[in-house]
Amino acid sequence: MKYLARYAETFQMVFVYQNESAEPDLDGAIRCALPMTRGPVALVLPDIVVSGGDSAGSLLAALRDTEVTGWGVVAAEERDPSVLRQMGALAVVDEDGALTVGAATDKPADPAAYNAYWGMVAAAEKEAHRLPDVVGKGVDSPLAGAAAHLVADIVNYNTPAG
């Protein structure tokens with residue numbers, strides 16, 4: 001959580017400690033936090049560290065994009081199938097110089113169609129209720145069409161290495 005403290009001057013933050021029996025998994029933790037949010041919402045996990053460039057600036061840009069597309073993501077390019085199987089995988093496409101998400105899923109069994117993964121997700125207030133679907137199992141991800149902002153690297157400290 002020390003990592004997230006660097007955002008304290010820029011964003012209002014809510015930390016949630018979940019009761020796994022009441023709201024299991026990551027989508028349950030997100031549902032626990034949503035009643036405490038207003039305005040555009042950013043999902044920033046303490047075990048996911050975005051590095052390189054200005055990560056706070058990338059998150060601000062993703063939040064601004066929610067005014068147009070409803071969603072924004074901060075992502076890193078990745079082609080390694082073993083990494084993509086463990087992350088929120090994205091198919092990022094370049095549409096006339098603007099990067100957008102063509103498709104998204106969490107931890108795909110077959111990651112062949114994906115070329116990036118997200119580290120932070122921003123949602124407009126009217127879309128925030130769908131944030132659990134970003135990591136939910138058996139649901140369509142709402143990230144298709146989101147603006148994408150690429151950063152140099154994203155490290156998941158909760159995933160065992162190779």
# chains A, B, ... in the order shown; residues from 1 in each chain; ligands from 1
call {"tool": "residues_around", "arguments": {"residues": "Ala61 of chain A", "least_positions_apart": "6", "cutoff": "10 Å", "atoms": "only C-alpha atoms", "output": "VMD selection string"}}
result
chain A and resid 55 72 to 74 122 147 to 149
call {"tool": "residues_around", "arguments": {"residues": "Gly138 of chain A", "least_positions_apart": "4", "cutoff": "10 Å", "atoms": "only C-alpha atoms", "output": "JSON list (two decimals) with all heavy atoms, in the first residue's frame"}}
result
[["chain", "number", "residue", "atom", "x", "y", "z"],
["A", 105, "THR", "N", -10.34, -9.98, -21.50],
["A", 105, "THR", "CA", -10.81, -11.06, -20.63],
["A", 105, "THR", "C", -9.82, -11.22, -19.49],
["A", 105, "THR", "O", -8.65, -10.84, -19.62],
["A", 105, "THR", "CB", -11.00, -12.39, -21.40],
["A", 105, "THR", "OG1", -11.70, -13.31, -20.57],
["A", 105, "THR", "CG2", -9.67, -12.98, -21.82],
["A", 106, "ASP", "N", -10.27, -11.77, -18.39],
["A", 106, "ASP", "CA", -9.37, -12.00, -17.27],
["A", 106, "ASP", "C", -8.82, -13.41, -17.33],
["A", 106, "ASP", "O", -9.57, -14.38, -17.45],
["A", 106, "ASP", "CB", -10.12, -11.78, -15.95],
["A", 106, "ASP", "CG", -9.17, -11.66, -14.77],
["A", 106, "ASP", "OD1", -8.20, -10.91, -14.89],
["A", 106, "ASP", "OD2", -9.41, -12.31, -13.74],
["A", 133, "ASP", "N", -17.12, -6.88, -13.34],
["A", 133, "ASP", "CA", -17.10, -7.68, -14.57],
["A", 133, "ASP", "C", -15.74, -7.67, -15.26],
["A", 133, "ASP", "O", -15.46, -8.53, -16.09],
["A", 133, "ASP", "CB", -18.16, -7.19, -15.56],
["A", 133, "ASP", "CG", -19.58, -7.41, -15.05],
["A", 133, "ASP", "OD1", -19.76, -8.19, -14.11],
["A", 133, "ASP", "OD2", -20.50, -6.79, -15.62]]
call {"tool": "residues_around", "arguments": {"residues": "Val101 of chain A", "least_positions_apart": "5", "cutoff": "6 Å", "atoms": "only C-alpha atoms", "output": "list in words"}}
result
Ala91, Val92, Ala144, Gly145 and Ala146 of chain A
call {"tool": "residues_around", "arguments": {"residues": "segment 38-50 of chain A", "least_positions_apart": "5", "cutoff": "7 Å", "atoms": "only C-alpha atoms", "output": "ChimeraX atom specification"}}
result
/A:1,4,55,63,119-125,128,153-158
call {"tool": "closest_residue", "arguments": {"among": "A:Asp110, A:Asp140, A:Val151, A:Val134", "to": "Asp27 of chain A", "atoms": "only C-alpha atoms"}}
result
A:Val134
call {"tool": "closest_residue", "arguments": {"among": "A:Leu84, A:Arg130, A:Trp118, A:Arg79", "to": "Leu59 of chain A", "atoms": "only C-alpha atoms"}}
result
A:Trp118
call {"tool": "residues_around", "arguments": {"residues": "Val16 of chain A", "least_positions_apart": "2", "cutoff": "7 Å", "atoms": "only C-alpha atoms", "output": "PyMOL selection string"}}
result
chain A and resi 14+18+29+32-33
call {"tool": "write_last_selection", "arguments": {"atoms": "all heavy atoms", "output": "compact mmCIF listing (two decimals), in the first residue's frame"}}
result
# COMPACT_ATOMS: atom_id res chain seq x y z
N VAL A 14 -9.93 4.75 -1.61
CA VAL A 14 -10.67 3.90 -0.68
C VAL A 14 -9.95 2.56 -0.67
O VAL A 14 -9.71 1.98 -1.73
CB VAL A 14 -12.14 3.70 -1.14
CG1 VAL A 14 -12.84 2.70 -0.26
CG2 VAL A 14 -12.88 5.02 -1.17
N GLN A 18 -11.58 -7.21 2.53
CA GLN A 18 -12.81 -7.94 2.31
C GLN A 18 -12.94 -9.16 3.22
O GLN A 18 -11.95 -9.74 3.64
CB GLN A 18 -12.93 -8.36 0.85
CG GLN A 18 -12.18 -9.63 0.51
CD GLN A 18 -12.07 -9.87 -0.96
OE1 GLN A 18 -11.08 -9.46 -1.53
NE2 GLN A 18 -13.03 -10.48 -1.57
N ALA A 29 -14.28 -8.06 -3.78
CA ALA A 29 -13.62 -6.91 -3.16
C ALA A 29 -14.04 -5.61 -3.85
O ALA A 29 -14.29 -4.59 -3.20
CB ALA A 29 -12.10 -7.07 -3.24
N CYS A 32 -17.43 -4.61 -2.72
CA CYS A 32 -17.37 -4.03 -1.37
C CYS A 32 -17.00 -2.55 -1.41
O CYS A 32 -17.49 -1.77 -0.60
CB CYS A 32 -16.34 -4.77 -0.51
SG CYS A 32 -16.80 -6.42 -0.01
N ALA A 33 -16.14 -2.16 -2.34
CA ALA A 33 -15.65 -0.78 -2.41
C ALA A 33 -16.60 0.16 -3.13
O ALA A 33 -16.64 1.35 -2.83
CB ALA A 33 -14.28 -0.75 -3.09
